Amino acid sequence: MATWMSHFRVADYFLDKLDILEKEFIVGNIAPDCGEPDEMRREFNPPSKVTHWTPSGYKRDIDSEAFYKSYLENY
């Protein structure tokens, strides 16, 4: 699993290539991995089911079509 720093480095790479708002793009890339852990550090709030668009809860099961329709289709 990639860490928030990995997401930050990838976002940093794309910043020069895209005409987008820097602050919002960086926050959007690291926010999914910045959930608040429970006392046992086993679960996070919000869960990755929400932050990574995975209906089953498994990060390998990303619903990229729903993400596209929600955020990119009309961009």
# chains A, B, ... in the order shown; residues from 1 in each chain; ligands from 1

call {"tool": "residues_around", "arguments": {"residues": "Cys34 (chain A)", "least_positions_apart": "3", "cutoff": "8 Å", "atoms": "only C-alpha atoms", "output": "list in words"}}
result
Trp4, Ile30 and Ala31 of chain A

call {"tool": "atom_distance", "arguments": {"atom1": "CA of Gly57 (chain A)", "atom2": "CA of Asp33 (chain A)"}}
result
14.1 Å

call {"tool": "residues_around", "arguments": {"residues": "Val10 (chain A)", "least_positions_apart": "4", "cutoff": "10 Å", "atoms": "only C-alpha atoms", "output": "PyMOL selection string"}}
result
chain A and resi 5-6+14-15+26+29

call {"tool": "write_last_selection", "arguments": {"atoms": "N, CA and C atoms", "output": "tab-separated table (two decimals), in the first residue's frame"}}
result
chain	number	residue	atom	x	y	z
A	5	MET	N	3.09	9.92	1.49
A	5	MET	CA	4.24	10.56	0.86
A	5	MET	C	4.39	10.11	-0.59
A	6	SER	N	4.09	8.86	-0.88
A	6	SER	CA	4.11	8.39	-2.26
A	6	SER	C	3.09	9.14	-3.09
A	14	PHE	N	2.95	15.49	-11.39
A	14	PHE	CA	1.92	15.91	-12.35
A	14	PHE	C	1.60	17.40	-12.31
A	15	LEU	N	1.95	18.08	-11.25
A	15	LEU	CA	1.65	19.51	-11.15
A	15	LEU	C	2.19	20.32	-12.32
A	26	ILE	N	-2.86	18.89	-4.48
A	26	ILE	CA	-2.03	18.21	-3.48
A	26	ILE	C	-2.89	17.64	-2.36
A	29	ASN	N	-4.81	14.59	-3.31
A	29	ASN	CA	-3.99	13.39	-3.49
A	29	ASN	C	-3.56	12.75	-2.18

call {"tool": "residues_around", "arguments": {"residues": "Ile62 (chain A)", "least_positions_apart": "5", "cutoff": "7 Å", "atoms": "only C-alpha atoms", "output": "ChimeraX atom specification"}}
result
/A:52-54

call {"tool": "write_last_selection", "arguments": {"atoms": "C-alpha atoms", "output": "CSV table (one decimal), in the first residue's frame"}}
result
chain,number,residue,atom,x,y,z
A,52,HIS,CA,-10.5,5.1,-2.2
A,53,TRP,CA,-13.9,4.4,-4.0
A,54,THR,CA,-13.9,0.7,-3.1

call {"tool": "atom_distance", "arguments": {"atom1": "CA of Val27 (chain A)", "atom2": "CA of Tyr68 (chain A)"}}
result
18.2 Å

call {"tool": "closest_residue", "arguments": {"among": "A:Met40, A:Ala11, A:Leu72, A:Val50", "to": "Gly28 (chain A)", "atoms": "only C-alpha atoms"}}
result
A:Ala11

call {"tool": "select_by_dssp", "arguments": {"residues": "chain A", "states": "strand (DSSP E)", "output": "PyMOL selection string"}}
result
chain A and resi 36-37+44-45

call {"tool": "atom_distance", "arguments": {"atom1": "CA of Pro37 (chain A)", "atom2": "CA of Thr3 (chain A)"}}
result
14.7 Å

call {"tool": "decode", "arguments": {"residues": "region 20-35 of chain A", "atoms": "N, CA and C atoms", "output": "compact mmCIF listing (two decimals), in the first residue's frame"}}
result
# COMPACT_ATOMS: atom_id res chain seq x y z
N ILE A 20 -3.88 23.08 -13.29
CA ILE A 20 -4.82 22.92 -12.18
C ILE A 20 -4.36 23.74 -10.98
N LEU A 21 -5.23 23.82 -9.99
CA LEU A 21 -4.90 24.54 -8.75
C LEU A 21 -4.00 23.66 -7.89
N GLU A 22 -2.84 24.18 -7.55
CA GLU A 22 -1.82 23.39 -6.84
C GLU A 22 -2.29 22.90 -5.47
N LYS A 23 -2.76 23.80 -4.62
CA LYS A 23 -3.13 23.43 -3.25
C LYS A 23 -4.22 22.36 -3.24
N GLU A 24 -5.26 22.57 -4.03
CA GLU A 24 -6.38 21.63 -4.06
C GLU A 24 -5.94 20.26 -4.59
N PHE A 25 -5.07 20.27 -5.59
CA PHE A 25 -4.60 19.02 -6.17
C PHE A 25 -3.77 18.22 -5.17
N ILE A 26 -2.86 18.89 -4.48
CA ILE A 26 -2.03 18.21 -3.48
C ILE A 26 -2.89 17.64 -2.36
N VAL A 27 -3.80 18.45 -1.83
CA VAL A 27 -4.67 17.98 -0.74
C VAL A 27 -5.51 16.80 -1.21
N GLY A 28 -6.05 16.88 -2.41
CA GLY A 28 -6.86 15.79 -2.94
C GLY A 28 -6.10 14.49 -3.12
N ASN A 29 -4.81 14.59 -3.31
CA ASN A 29 -3.99 13.39 -3.49
C ASN A 29 -3.56 12.75 -2.18
N ILE A 30 -3.37 13.54 -1.13
CA ILE A 30 -2.93 12.93 0.13
C ILE A 30 -4.07 12.70 1.12
N ALA A 31 -5.19 13.40 0.95
CA ALA A 31 -6.30 13.29 1.90
C ALA A 31 -6.83 11.87 2.09
N PRO A 32 -6.94 11.05 1.03
CA PRO A 32 -7.48 9.70 1.24
C PRO A 32 -6.70 8.85 2.23
N ASP A 33 -5.43 9.14 2.42
CA ASP A 33 -4.61 8.36 3.36
C ASP A 33 -4.41 9.06 4.69
N CYS A 34 -5.22 10.05 4.98
CA CYS A 34 -5.06 10.82 6.22
C CYS A 34 -6.24 10.64 7.17
N GLY A 35 -6.84 9.44 7.17
CA GLY A 35 -7.95 9.18 8.07
C GLY A 35 -7.49 9.09 9.52
